[in-house]
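Have a look at the structure below before the remarks.
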Amino acid sequence: MNDSPITVLVAARPALARAIGDSLAPHAMILRHLALGAVPQEATDAAVIDADLPGLDPTQVEGWAGVVLLLAPPARVGELSGLASAVLAKPVRPARLAETVLGLVARARATQAREIGPFRLDPLTRTLSGPDRQFRLTDKEVEILDYLAAQRRTVAREELLSAVWNYGEGVTTHTVETHIYRLRQKIEADPRHAALLVTEPGGYRLA
C-alpha cells in the first residue's frame, strides 16, 4: 500500500459508529461519519456500513467508496455477500475489522490500470473510460474485469467465484451471471450480442 492516508466513511448508529472509529483510529486513518439519511458527497478509500442502518438500501452501497465493508447479522451475511467487497458478521472483533479494511484498501491500491478493448480501467476510481464514454463501476465489476484481463484466457464461472467472492466449490448462486449481465449493459454496444465480454464454452473471456 502507498503511504497516503486512508479515508474511511462510517455509516452506523452512534454507538456502533464510535466503536468502529475506536477500532480504526490506531491505524492513522481519516474517519468520516455519515449522518442517518445523508448521501456521501466525497469519495473515500473505504466505507464501513451497518447493514441494519434504518433507511439503508444495500444495493446502493457500492457507489460510496473504493471498497465497501458491510457489517450484518450472521443470518444476512450470505444474502448480502454479492453487494460489497466483504461482509462481516456482527459482532466483529476490532482487530478483525481493522485487518479487513486495511487488506481491502491495499488490494484496491495495488491493482493497476488496464486497457480493455477501447476502454481504460482505473480500479482506484472505479471508472472505465473510452473515447466518448465513461462508466462508473462497482467494486465487484472492477474485480471481474481486472481478473479476466490479467488471465487473458477463458475463466470458468467457479474460478471467478473463488477469485472475486472467495466462494468454495459447490456453492449455488447466480451472482456471477448477474454481475456479467450488469457489466454488459454498461460496456457493450449491443448487450444481447456481446463483443467485449464474451461467453465461451467453459466460462468468460475478454475479447
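Scheme for the C-alpha cells: letters A, B, ... for chains in order shown; per-chain residue numbers from 1; ligand numbers from 1 in order shown.
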
Region 1-201 of chain A: residues DSSP assigns to alpha helix (DSSP H), reported as a ChimeraX atom specification: /A:14-24,77-80,94-110,139-151,157-165,175-187

Can you pull out the residues contacting Ala72 (chain A)? Cut-off 7 Å, using only C-alpha atoms, and skip same-chain residues under 2 positions away; I want them as a PDB file with C-alpha atoms, in the first residue's frame.
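File produced: selection20.pdb:
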ATOM      1  CA  ASP A  50     -24.041  -1.257   9.271  1.00  0.00           C
ATOM      2  CA  ALA A  51     -26.430  -3.224   7.065  1.00  0.00           C
ATOM      3  CA  ASP A  52     -29.173  -2.703   9.668  1.00  0.00           C
ATOM      4  CA  LEU A  70     -20.823  -4.369   5.376  1.00  0.00           C
ATOM      5  CA  PRO A  74     -24.940 -13.705  10.820  1.00  0.00           C
ATOM      6  CA  ARG A  76     -27.816 -11.991   6.468  1.00  0.00           C
ATOM      7  CA  VAL A  77     -24.141 -12.484   5.540  1.00  0.00           C
ATOM      8  CA  VAL A  87     -19.392  -8.790   4.661  1.00  0.00           C
ATOM      9  CA  LEU A  88     -18.526  -9.488   8.308  1.00  0.00           C
ATOM     10  CA  ALA A  89     -20.942 -10.937  10.823  1.00  0.00           C
ATOM     11  CA  LYS A  90     -21.775  -8.810  13.857  1.00  0.00           C
TER      12      LYS A  90
END

Closest-contact table, region 38-133 of chain A side, partner region 149-155 of chain A, 9 Å, counting only C-alpha atoms, as a tab-separated table:
residue	atom	partner	partner_atom	distance
A:Arg114	CA	A:Ala149	CA	7.5
A:Glu115	CA	A:Ala149	CA	8.3
A:Ile116	CA	A:Ala149	CA	7.1

Using DSSP assignments from the backbone, pull out every residue in region 15-140 of chain A that falls under strand (DSSP E or B) and give it to me as a count of residues only. 33

Quote the spacing between CA of Leu104 (chain A) and CA of Pro26 (chain A) in Å to one decimal place. 17.2 Å
